[in-house]
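The block underneath contains the structure these notes are about, expressed in C-alpha cells.
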Amino acid sequence: MKGKTHAEEAAAFIKDDARTHWHDETLWHVRSNRDRSAQGIPEWETLRDTASATKDYVLSHLGELLEQFESNAKANGVEVLWAKDAVEHNQHVYRILQENKVSNIVKSKSILTEECGLNHYLEKKGYDVVDTDLGERIIQFAKQTPSHIVLPAIHLKKQDIGEIFHNHIGTKEGASDPNYLTEAARQHLRKKFVEANAAITGVNFGIAETGGFVVCTNEGNADMGTHLADVHIACMGIEKLIPRAADLGVFLRLLARSATGQSITNYSSHFHRPAEGKKMYIILVDNGRTDQLGREDFKNSLKCIRCGACMNTCPIYRRSGGHSYNYTVPGPIGSILSPGRDLKKYSTLPFASTLCGSCSDVCPVKINIHEQLYKWRQVIAEHTNMDRSKQLSMKVAGMTFGKPVLYDLAGKVARTALKYTPHSLVYSSINVWGKHRDLPEVPEESFKEWYKKNRKQ
Amino acid sequence: MSSKEAILGAIKKNKPAATPLPDLLKFPDETNLIERYEKGLTGNGGKLQVVDSLEELEAFVRENYASDQLIASLVDEVNGNVDVSKISDPHDLEHVELAILKGELGVSENGAIWMPEKNVVHRVLPFIAQHLIIVIREETLLTNMHDAYEKVNVADGGYGVFIAGPSKTADIEQSLVIGAHGPRSLTVFLLKK
Ligand code: SF4
C-alpha cells in the first residue's frame with residue numbers, strides 16, 4: 001500500500017500561511033547563526049575535510065573499530081550488547097530494566113531510540129519513560145514525534161506549549177512566557193530525575209581507542225539522569241564511532257556550530273566507567289546501517305553527526321515542517337537515509353528538494369547530500385511508477401541539462417514564456433511545484449548572456 | 001549466529017575500500033587568551049571574573065550567598081558547609097545552592113573547562129547545584145579543542161566533562177532561557193598569574 005506523499009503530508013502544514021512563514025524564518029535564523037559561527041573559524045574548511053576523511057576511515061575500518069571499542073569498554077567495566085535491529089535493541093533495554101528491577105526511567109534525547117520506537121515499546125510493557133530534554137518532553141506530552149533532530153519542538157509556538165503545559169503540569173492557563181514555562185518544566189523534571197533508577201541516553205561519539213563515549217547537551221539533562229540513577233543504558237548506532245579521543249577536537253568544534261551556531265554545547269560529557277556500585281551498558285545497533293554501508297552511492301550518509309544543519313538550510317524543509325517527512329530523521333539527510341529502509345514508503349522524499357545543494361554546502365562532514373538525492377530519484381524512477389507528469393518533466397530536464405545548447409535555448413524560451421504564462425496554467429494541478437509558489441522574477445537576460453557582454457569590457 | 005557475528009559479517013561484506021586515517025590537527029597558538037576566553041564563555045551564558053587572588057572569590061561568595069544556604073566547596077581557599085566527601089548518596093546533594101569547583105584547563109575558543117571526576121567527587125555535583133563557580137588558572141588557558149585533547153586523558157577516571165556554561169535551553173520558540181535542569185548560573189574565576 002502506498003502511503004501519503006511528502007507533498008500531501010506538507011499540505012496540512014502549509015495551510016497555515018503565517019505559521020509556515022514563521023517556521024521558515026526561525027530556521028533561517030538558526031542557519032544564519034551557523035554561518036556567523038563558521039565564518040569565525042578560519043580553519044573551518046580544514047575541519048570539515050578532516051571530519052569527512054576521519055569518517056571515511058571509520059566506515060572503511062568499521063569492523064576492527066567496533067571490536068576495539070567493545071573490548072576497551074568491557075575492560076572498563078561496561079557491558080556491551082549488540083542489536084541487529086530495532087526489535088532486538090528494545091528487547092535488550094527491556095531485559096536490562098527487568099534484571100535491575102527498574103521502575104522509573106528518564107531518557108535524554110536520542111534519535112536512535114526514536115528510530116527504534118523504544119518509548120512505545122516500553123510503554124506497552126508498562127513502563128513510563130520520561131523524556132527529559134525540554135523539547136522532547138513537550139512533544140511527549142503532546143503525543144507527537146520530534147519534527148527536527150536538534151530542535152524537536154520547533155514546529156510549536158509558545159502558546160501551543162503553554163497550553164500543553166497547562167494540561168499536563170498545571171501551569172497557569174494562557175501563560176506562554178518561555179522563562180515561566182521552562183521554570184515549571186525544571187521543577188517537574190527535577191522530581192523525575194530524583195526518582196529515576198535508570199537513565200537512557202544516546203551517544204554522540206563512541207571512542208574506539210578508549211571504549212568511552214561522549215554525550216552533548218545544553219541542558220545537562222543526560223548528566224542529571226545518569227549520575228543520579230543506578231543504571232545507565234547508552235544506545236549507539238554503529239556508525240557513531242571515531243578512532244581516537246583526539247578526533248573529538250575536530251568533531252566538537254563542528255557539531256554545535258553547525259547545529260545552532262554556538263561554539264560548543266554547554267556540556268560535553270565523557271563516560272568511560274560506571275561510578276562505584278552502579279552499572280553501565282552500551283547497546284550497539286545496526287538496524288539497516290550495514291545495508292547502507294554496502295550501497296556505494298549512499299554509504300556517505302552514514303557519516304552524519306546529526307547536527308541538523310541541512311534541515312535548517314533546506315528551503316523545502318523550512319516550508320513543509322519535519323512531520324511531513326514521516327521519518328525519524330527528516331529533511332535532506334532523512335530523505336537519503338529513509339529510502340534505504342523502505343523504498344516504497346519513502347519514495348517521494350528524495351523529491352522533497354530543490355537540489356539547490358545548500359544542504360551539502362553546510363554539512364560539517366561534507367556528505368554529498370544533494371547528489372545522493374538525485375541518485376535516489378533515478379533509483380526510484382526505475383523501481384516505481386512515478387507520477388506521470390513529474391516523470392515527463394524529469395526526462396525533459398535530464399535531456400536539457402545534458403546538452404548545453406538546448407539548455408541555453410530552453411532558458412531563453414523559459415524567460416519569455418514565464419513572462420507571458422498565464423497564472424492559471426502555472427497554478428494548475430499539472431504543475432506540482434506551482435502549488436504555493438510564486439513565479440520567479442524573470443531576468444531580461446541569462447547569466448551567460450550577461451557574462452558574454454560584460455566580460456569583453 | 002550471534003548478532004555481533006551477524007553485524008561484523010555484514011560489515012565485512014559491505015565495507016568500502018580502506019582509506020587512511022588523517023593526521024591530528026594543530027593550529028598556531030593565539031594571543032589574548034583571556035579576552036578570547038571571556039568572549040567564548042559569555043557567548044554560552046557564563047560570566048567571567050578575573051582575579052589576582054582567591055580572597056576575591058571568598059568575598060564574592062559571602063556577598064551573594066546567605067550563611068544558611070548549602071555551599072559545597074572543593075576549593076581550599078573557600079569554606080563551604082557541605083562536606084562532599086562524607087556524602088555517599090548523590091541524592092543528598094539535591095538542595096545544594098552553590099558548588100565551587102576547580103577546573104583543569106580552559107579553552108579560549110569556546111569557554112569550555114575540563115572537569116574530571118576527581119575534581120567533582122560526585123559526578124552529579126556540577127549539575128544538581130543551583131549555581132556553579134569554577135576556578136581556573138590563567139596558565140591553563142589553551143587556544144582550542146585540539147590543544148585541550150592533547151592535554152587531557154579522557155579515559156583517566158571514569159568520567160569527565162567539558163563545562164562551557166550554565167544549563168540552558170532554547171526549546172520554546174528559540175528563546176534562550178538559562179537554568180533548564182542544572183545550574184542557573186556559571187561564574188568562572190580566572191586566577192591571574
Ligand atoms: S547530513 Fe550533515 S548537515 Fe545534515 S544532519 Fe547530518 S551532519 Fe548535519
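In the C-alpha cells, the first chain shown is A, the next is B, and so on; residue numbers restart at 1 for each chain, and ligands run from 1 in the order shown.
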Pick out each residue of range 176-210 of chain A that DSSP on the backbone tags as helix (DSSP H, G or I); I need them as a PyMOL selection string. chain A and resi 178-195
Chain B near chain A within 7 Å: what's each residue's closest atom pair and its distance in Å to one decimal, counting only C-alpha atoms, ordered by chain then ascending residue number, as a Markdown table?
| residue | atom | partner | partner_atom | distance |
| --- | --- | --- | --- | --- |
| B:Ser3 | CA | A:Lys84 | CA | 5.7 |
| B:Lys4 | CA | A:Trp82 | CA | 5.5 |
| B:Ile7 | CA | A:Lys84 | CA | 6.5 |
| B:Leu8 | CA | A:Gly63 | CA | 5.6 |
| B:Ala10 | CA | A:Thr290 | CA | 6.0 |
| B:Ile11 | CA | A:Thr290 | CA | 5.7 |
| B:Lys12 | CA | A:Gly63 | CA | 6.9 |
| B:Asn14 | CA | A:Gly294 | CA | 4.2 |
| B:Lys15 | CA | A:Ser60 | CA | 5.6 |
| B:Pro16 | CA | A:Ser60 | CA | 5.1 |
| B:Ala17 | CA | A:Ser60 | CA | 5.9 |
| B:Ala18 | CA | A:Ser60 | CA | 4.9 |
| B:Thr19 | CA | A:Tyr57 | CA | 5.3 |
| B:Pro20 | CA | A:Tyr57 | CA | 5.9 |
| B:Leu21 | CA | A:Tyr57 | CA | 5.6 |
| B:Pro22 | CA | A:Thr54 | CA | 6.2 |
| B:Asn44 | CA | A:Asn266 | CA | 6.8 |
| B:Pro90 | CA | A:Leu228 | CA | 6.4 |
| B:His91 | CA | A:Leu228 | CA | 6.6 |
| B:Asn110 | CA | A:Ser263 | CA | 5.3 |
| B:Arg123 | CA | A:His227 | CA | 6.0 |
| B:Val124 | CA | A:His227 | CA | 5.2 |
| B:Phe127 | CA | A:Met224 | CA | 6.2 |
| B:Ile128 | CA | A:Met224 | CA | 6.8 |
| B:Met145 | CA | A:Gly249 | CA | 4.8 |
| B:His146 | CA | A:Gly249 | CA | 4.6 |
| B:Tyr149 | CA | A:Ala246 | CA | 5.3 |
| B:Glu150 | CA | A:Ala246 | CA | 6.8 |
| B:Val154 | CA | A:His270 | CA | 6.9 |
| B:Ala155 | CA | A:His272 | CA | 6.1 |
| B:Gly158 | CA | A:Arg273 | CA | 4.2 |
| B:Tyr159 | CA | A:Phe271 | CA | 4.8 |
| B:Gly160 | CA | A:His270 | CA | 5.2 |
| B:Val161 | CA | A:Ser269 | CA | 4.2 |
| B:Phe162 | CA | A:Ser268 | CA | 5.1 |
| B:Ile163 | CA | A:Tyr267 | CA | 5.0 |
| B:Ala164 | CA | A:Asn266 | CA | 4.4 |
| B:Gly165 | CA | A:Asn266 | CA | 5.0 |
| B:Pro166 | CA | A:Asn266 | CA | 6.8 |
| B:Ser167 | CA | A:Glu219 | CA | 4.6 |
| B:Lys168 | CA | A:Glu219 | CA | 5.0 |
| B:Thr169 | CA | A:Glu219 | CA | 5.9 |
| B:Asp171 | CA | A:Gly135 | CA | 5.1 |
| B:Ile172 | CA | A:Pro178 | CA | 5.9 |
| B:Glu173 | CA | A:Lys157 | CA | 6.0 |
| B:Ser175 | CA | A:Pro178 | CA | 6.8 |
| B:Val177 | CA | A:Asn179 | CA | 6.0 |
| B:Ala180 | CA | A:Glu219 | CA | 5.5 |
| B:His181 | CA | A:Arg186 | CA | 5.3 |
| B:Gly182 | CA | A:Gly220 | CA | 6.1 |
So what do you get for CA of Gly340 in chain A versus CA of Arg319 in chain A, distance-wise? 24.5 Å
Excluding Leu74 in chain B and its own-chain neighbours fewer than 6 positions away, which residues fall within 9 Å of it when counting only C-alpha atoms? Please give them as a PDB file with all heavy atoms, in the first residue's frame.
ATOM      1  N   GLY B  80      32.996  25.795  52.617  1.00  0.00           N
ATOM      2  CA  GLY B  80      31.582  25.569  52.397  1.00  0.00           C
ATOM      3  C   GLY B  80      30.966  25.005  53.663  1.00  0.00           C
ATOM      4  O   GLY B  80      31.621  24.935  54.705  1.00  0.00           O
ATOM      5  N   ASP B  83      30.054  18.887  53.410  1.00  0.00           N
ATOM      6  CA  ASP B  83      31.272  18.107  53.196  1.00  0.00           C
ATOM      7  C   ASP B  83      30.982  16.994  52.184  1.00  0.00           C
ATOM      8  O   ASP B  83      30.441  15.940  52.529  1.00  0.00           O
ATOM      9  CB  ASP B  83      31.758  17.526  54.527  1.00  0.00           C
ATOM     10  CG  ASP B  83      33.131  16.879  54.376  1.00  0.00           C
ATOM     11  OD1 ASP B  83      33.578  16.703  53.205  1.00  0.00           O
ATOM     12  OD2 ASP B  83      33.753  16.557  55.402  1.00  0.00           O
ATOM     13  N   VAL B  84      31.347  17.272  50.946  1.00  0.00           N
ATOM     14  CA  VAL B  84      31.005  16.362  49.850  1.00  0.00           C
ATOM     15  C   VAL B  84      31.610  14.980  50.053  1.00  0.00           C
ATOM     16  O   VAL B  84      31.006  13.951  49.713  1.00  0.00           O
ATOM     17  CB  VAL B  84      31.487  16.961  48.507  1.00  0.00           C
ATOM     18  CG1 VAL B  84      31.171  16.030  47.365  1.00  0.00           C
ATOM     19  CG2 VAL B  84      30.816  18.303  48.264  1.00  0.00           C
ATOM     20  N   ALA B  99      27.912  25.203  44.162  1.00  0.00           N
ATOM     21  CA  ALA B  99      29.085  24.326  44.167  1.00  0.00           C
ATOM     22  C   ALA B  99      30.266  25.132  43.654  1.00  0.00           C
ATOM     23  O   ALA B  99      30.145  25.880  42.685  1.00  0.00           O
ATOM     24  CB  ALA B  99      28.839  23.103  43.289  1.00  0.00           C
ATOM     25  N   ILE B 100      31.391  24.999  44.346  1.00  0.00           N
ATOM     26  CA  ILE B 100      32.608  25.706  43.939  1.00  0.00           C
ATOM     27  C   ILE B 100      33.660  24.658  43.586  1.00  0.00           C
ATOM     28  O   ILE B 100      34.054  23.859  44.445  1.00  0.00           O
ATOM     29  CB  ILE B 100      33.132  26.626  45.068  1.00  0.00           C
ATOM     30  CG1 ILE B 100      31.995  27.536  45.552  1.00  0.00           C
ATOM     31  CG2 ILE B 100      34.309  27.448  44.582  1.00  0.00           C
ATOM     32  CD1 ILE B 100      32.354  28.346  46.789  1.00  0.00           C
ATOM     33  N   LEU B 101      34.077  24.654  42.342  1.00  0.00           N
ATOM     34  CA  LEU B 101      34.954  23.586  41.858  1.00  0.00           C
ATOM     35  C   LEU B 101      36.194  24.147  41.190  1.00  0.00           C
ATOM     36  O   LEU B 101      36.219  25.297  40.755  1.00  0.00           O
ATOM     37  CB  LEU B 101      34.203  22.709  40.835  1.00  0.00           C
ATOM     38  CG  LEU B 101      32.869  22.113  41.268  1.00  0.00           C
ATOM     39  CD1 LEU B 101      32.168  21.486  40.069  1.00  0.00           C
ATOM     40  CD2 LEU B 101      33.090  21.081  42.364  1.00  0.00           C
ATOM     41  N   LYS B 102      37.197  23.289  41.089  1.00  0.00           N
ATOM     42  CA  LYS B 102      38.416  23.674  40.405  1.00  0.00           C
ATOM     43  C   LYS B 102      38.437  23.021  39.028  1.00  0.00           C
ATOM     44  O   LYS B 102      38.215  21.804  38.908  1.00  0.00           O
ATOM     45  CB  LYS B 102      39.608  23.169  41.227  1.00  0.00           C
ATOM     46  CG  LYS B 102      40.802  24.092  41.181  1.00  0.00           C
ATOM     47  CD  LYS B 102      41.963  23.488  41.919  1.00  0.00           C
ATOM     48  CE  LYS B 102      41.894  23.758  43.414  1.00  0.00           C
ATOM     49  NZ  LYS B 102      42.858  22.994  44.201  1.00  0.00           N
ATOM     50  N   ASN B 119      37.782  16.019  40.363  1.00  0.00           N
ATOM     51  CA  ASN B 119      37.540  17.396  40.816  1.00  0.00           C
ATOM     52  C   ASN B 119      36.112  17.645  41.279  1.00  0.00           C
ATOM     53  O   ASN B 119      35.782  18.744  41.707  1.00  0.00           O
ATOM     54  CB  ASN B 119      37.853  18.400  39.694  1.00  0.00           C
ATOM     55  CG  ASN B 119      39.334  18.464  39.383  1.00  0.00           C
ATOM     56  OD1 ASN B 119      40.058  17.508  39.670  1.00  0.00           O
ATOM     57  ND2 ASN B 119      39.791  19.549  38.798  1.00  0.00           N
ATOM     58  N   VAL B 120      35.232  16.660  41.106  1.00  0.00           N
ATOM     59  CA  VAL B 120      33.833  16.881  41.499  1.00  0.00           C
ATOM     60  C   VAL B 120      33.365  15.915  42.594  1.00  0.00           C
ATOM     61  O   VAL B 120      32.306  16.104  43.182  1.00  0.00           O
ATOM     62  CB  VAL B 120      32.867  16.772  40.281  1.00  0.00           C
ATOM     63  CG1 VAL B 120      33.206  17.831  39.246  1.00  0.00           C
ATOM     64  CG2 VAL B 120      32.882  15.383  39.651  1.00  0.00           C
ATOM     65  N   VAL B 121      34.152  14.860  42.816  1.00  0.00           N
ATOM     66  CA  VAL B 121      33.845  13.799  43.778  1.00  0.00           C
ATOM     67  C   VAL B 121      32.564  13.053  43.397  1.00  0.00           C
ATOM     68  O   VAL B 121      32.587  11.853  43.132  1.00  0.00           O
ATOM     69  CB  VAL B 121      33.764  14.304  45.227  1.00  0.00           C
ATOM     70  CG1 VAL B 121      33.504  13.151  46.192  1.00  0.00           C
ATOM     71  CG2 VAL B 121      35.076  15.024  45.607  1.00  0.00           C
TER      72      VAL B 121
END
Mind dumping a table of every chain A residue within 9 Å of ligand 1, with the nearest atom pair and its distance in Å to one decimal, using only C-alpha atoms and all ligand atoms, sorted by chain and rising number, as a Markdown table?
| residue | atom | partner | partner_atom_place_in_ligand_line | distance |
| --- | --- | --- | --- | --- |
| A:Ile149 | CA | ligand 1 | 5 (S) | 7.9 |
| A:Val150 | CA | ligand 1 | 5 (S) | 8.8 |
| A:Leu255 | CA | ligand 1 | 8 (Fe) | 7.9 |
| A:Ser258 | CA | ligand 1 | 8 (Fe) | 7.0 |
| A:Ala259 | CA | ligand 1 | 8 (Fe) | 7.2 |
| A:Ser301 | CA | ligand 1 | 1 (S) | 6.7 |
| A:Leu302 | CA | ligand 1 | 6 (Fe) | 8.5 |
| A:Lys303 | CA | ligand 1 | 7 (S) | 7.0 |
| A:Cys304 | CA | ligand 1 | 6 (Fe) | 3.7 |
| A:Ile305 | CA | ligand 1 | 7 (S) | 4.3 |
| A:Arg306 | CA | ligand 1 | 5 (S) | 3.9 |
| A:Cys307 | CA | ligand 1 | 8 (Fe) | 3.9 |
| A:Gly308 | CA | ligand 1 | 5 (S) | 3.8 |
| A:Ala309 | CA | ligand 1 | 3 (S) | 4.3 |
| A:Cys310 | CA | ligand 1 | 3 (S) | 4.1 |
| A:Met311 | CA | ligand 1 | 4 (Fe) | 6.6 |
| A:Asn312 | CA | ligand 1 | 3 (S) | 8.7 |
| A:Thr313 | CA | ligand 1 | 3 (S) | 8.9 |
| A:Val329 | CA | ligand 1 | 5 (S) | 8.5 |
| A:Gly331 | CA | ligand 1 | 4 (Fe) | 8.0 |
| A:Pro332 | CA | ligand 1 | 4 (Fe) | 6.8 |
| A:Ile333 | CA | ligand 1 | 1 (S) | 4.7 |
| A:Gly334 | CA | ligand 1 | 1 (S) | 8.1 |
| A:Cys359 | CA | ligand 1 | 3 (S) | 6.2 |
| A:Ser360 | CA | ligand 1 | 3 (S) | 7.1 |
| A:Asp361 | CA | ligand 1 | 3 (S) | 8.4 |
| A:Val362 | CA | ligand 1 | 3 (S) | 5.9 |
| A:Cys363 | CA | ligand 1 | 3 (S) | 3.6 |
| A:Pro364 | CA | ligand 1 | 7 (S) | 5.6 |
| A:Val365 | CA | ligand 1 | 7 (S) | 5.7 |
| A:Lys366 | CA | ligand 1 | 2 (Fe) | 6.6 |
| A:Ile367 | CA | ligand 1 | 2 (Fe) | 5.9 |
| A:Asn368 | CA | ligand 1 | 1 (S) | 8.5 |
| A:Ile369 | CA | ligand 1 | 1 (S) | 6.8 |
Any chance you can output those residues with N, CA and C atoms as a tab-separated table (two decimals), in the first residue's frame?
chain	number	residue	atom	x	y	z
A	149	ILE	N	15.72	17.08	14.42
A	149	ILE	CA	16.55	16.23	15.28
A	149	ILE	C	17.27	17.00	16.38
A	150	VAL	N	17.46	18.30	16.22
A	150	VAL	CA	18.11	19.10	17.24
A	150	VAL	C	17.09	19.97	17.98
A	255	LEU	N	30.28	20.34	15.61
A	255	LEU	CA	28.90	19.92	15.90
A	255	LEU	C	27.97	21.07	16.30
A	258	SER	N	27.60	23.95	13.77
A	258	SER	CA	26.75	23.61	12.63
A	258	SER	C	25.28	23.54	13.03
A	259	ALA	N	25.05	23.13	14.28
A	259	ALA	CA	23.68	22.91	14.72
A	259	ALA	C	22.94	24.22	15.00
A	301	SER	N	26.11	8.71	3.64
A	301	SER	CA	25.10	9.22	4.57
A	301	SER	C	25.37	8.74	6.00
A	302	LEU	N	26.16	7.68	6.13
A	302	LEU	CA	26.48	7.16	7.47
A	302	LEU	C	27.49	8.03	8.21
A	303	LYS	N	28.05	9.02	7.53
A	303	LYS	CA	28.99	9.91	8.22
A	303	LYS	C	28.27	10.95	9.07
A	304	CYS	N	26.98	11.05	8.90
A	304	CYS	CA	26.18	12.10	9.53
A	304	CYS	C	26.39	12.16	11.04
A	305	ILE	N	26.63	13.36	11.57
A	305	ILE	CA	26.76	13.52	13.03
A	305	ILE	C	25.51	14.17	13.64
A	306	ARG	N	24.44	14.21	12.85
A	306	ARG	CA	23.12	14.66	13.36
A	306	ARG	C	23.14	16.08	13.93
A	307	CYS	N	23.71	17.00	13.16
A	307	CYS	CA	23.74	18.39	13.62
A	307	CYS	C	22.47	19.14	13.22
A	308	GLY	N	21.80	18.67	12.18
A	308	GLY	CA	20.56	19.32	11.76
A	308	GLY	C	20.75	20.49	10.80
A	309	ALA	N	22.00	20.82	10.47
A	309	ALA	CA	22.24	21.99	9.62
A	309	ALA	C	21.55	21.87	8.26
A	310	CYS	N	21.52	20.66	7.72
A	310	CYS	CA	20.91	20.50	6.40
A	310	CYS	C	19.41	20.80	6.43
A	311	MET	N	18.79	20.53	7.58
A	311	MET	CA	17.36	20.86	7.73
A	311	MET	C	17.14	22.36	7.79
A	312	ASN	N	17.99	23.01	8.62
A	312	ASN	CA	17.81	24.44	8.82
A	312	ASN	C	17.98	25.23	7.53
A	313	THR	N	18.76	24.70	6.63
A	313	THR	CA	19.03	25.44	5.40
A	313	THR	C	18.10	25.05	4.25
A	329	VAL	N	14.36	10.79	11.03
A	329	VAL	CA	15.28	11.86	10.64
A	329	VAL	C	14.67	12.54	9.41
A	331	GLY	N	14.09	16.00	6.69
A	331	GLY	CA	14.95	16.90	5.93
A	331	GLY	C	15.84	16.17	4.94
A	332	PRO	N	16.83	16.88	4.41
A	332	PRO	CA	17.68	16.30	3.35
A	332	PRO	C	18.35	14.98	3.74
A	333	ILE	N	18.96	14.92	4.93
A	333	ILE	CA	19.65	13.67	5.29
A	333	ILE	C	18.64	12.54	5.49
A	334	GLY	N	17.50	12.86	6.08
A	334	GLY	CA	16.46	11.84	6.25
A	334	GLY	C	15.97	11.31	4.91
A	359	CYS	N	22.26	22.02	1.32
A	359	CYS	CA	22.48	21.02	2.37
A	359	CYS	C	23.93	20.53	2.34
A	360	SER	N	24.42	20.24	1.15
A	360	SER	CA	25.80	19.75	1.04
A	360	SER	C	26.79	20.84	1.44
A	361	ASP	N	26.44	22.09	1.15
A	361	ASP	CA	27.33	23.20	1.49
A	361	ASP	C	27.52	23.37	2.99
A	362	VAL	N	26.47	23.12	3.76
A	362	VAL	CA	26.59	23.35	5.20
A	362	VAL	C	27.02	22.10	5.97
A	363	CYS	N	26.93	20.95	5.37
A	363	CYS	CA	27.19	19.70	6.10
A	363	CYS	C	28.62	19.65	6.64
A	364	PRO	N	28.78	19.53	7.96
A	364	PRO	CA	30.12	19.56	8.56
A	364	PRO	C	30.99	18.36	8.19
A	365	VAL	N	30.37	17.27	7.76
A	365	VAL	CA	31.18	16.12	7.36
A	365	VAL	C	31.15	15.93	5.84
A	366	LYS	N	30.72	16.98	5.16
A	366	LYS	CA	30.77	17.04	3.70
A	366	LYS	C	30.07	15.87	3.01
A	367	ILE	N	28.91	15.51	3.48
A	367	ILE	CA	28.13	14.49	2.77
A	367	ILE	C	27.57	15.14	1.50
A	368	ASN	N	27.68	14.45	0.40
A	368	ASN	CA	27.18	14.97	-0.89
A	368	ASN	C	25.66	14.77	-0.96
A	369	ILE	N	24.97	15.43	-0.05
A	369	ILE	CA	23.54	15.14	0.13
A	369	ILE	C	22.73	15.33	-1.15
For a test of reading the model, state the distance in Å between CA of Ile282 in chain A and CA of His232 in chain A, rounded to one decimal.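 About the pair CA of Ile282 in chain A and CA of His232 in chain A: they are 8.5 Å apart.
When the distance limit is 9 Å and only C-alpha atoms are what count, the residues near range 55-62 of chain B, minus those fewer than 4 positions from it on the same chain, are B:Gln49, B:Val51, B:Ala66, B:Ser67, B:Glu77, B:Val78, B:Asn79, B:Val135, B:Phe189.
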Residue neighbourhood His131 in chain B, 7 Å, only C-alpha atoms, exclusion window fewer than 6 positions, as a PyMOL selection string: chain B and resi 97-99+183-186
DSSP on the backbone, strand (DSSP E or B) only: what residues of range 112-192 of chain B does that give? Format it as an MDAnalysis selection string. chainID B and resid 113:116 131:137 141:142 159:163 168:169 177:178 186:191
Those residues with C-alpha atoms, as a compact mmCIF listing (two decimals), in the first residue's frame please?
# COMPACT_ATOMS: atom_id res chain seq x y z
CA ILE B 113 36.53 23.95 31.09
CA TRP B 114 37.69 20.38 31.52
CA MET B 115 36.27 18.93 34.71
CA PRO B 116 37.49 15.41 35.53
CA HIS B 131 24.64 27.77 40.94
CA LEU B 132 28.17 26.92 39.91
CA ILE B 133 31.51 28.62 40.36
CA ILE B 134 34.62 27.23 38.71
CA VAL B 135 38.14 28.40 39.38
CA ILE B 136 40.78 28.12 36.66
CA ARG B 137 44.31 29.44 36.44
CA LEU B 141 44.24 28.57 29.16
CA LEU B 142 44.56 26.93 25.74
CA TYR B 159 34.03 10.35 33.77
CA GLY B 160 34.91 13.88 32.71
CA VAL B 161 33.04 16.78 31.19
CA PHE B 162 33.72 19.97 29.32
CA ILE B 163 31.55 22.57 31.00
CA LYS B 168 20.31 26.40 29.19
CA THR B 169 17.61 25.71 26.64
CA VAL B 177 16.39 30.50 28.91
CA ILE B 178 19.18 29.93 31.42
CA LEU B 186 28.11 29.70 35.92
CA THR B 187 30.72 32.14 37.14
CA VAL B 188 34.31 31.40 36.25
CA PHE B 189 37.02 32.88 38.47
CA LEU B 190 40.16 33.17 36.45
CA LEU B 191 43.20 33.47 38.65
Expressed in Å, the length from CA of Val93 in chain A to CA of Asn119 in chain A is 10.7 Å
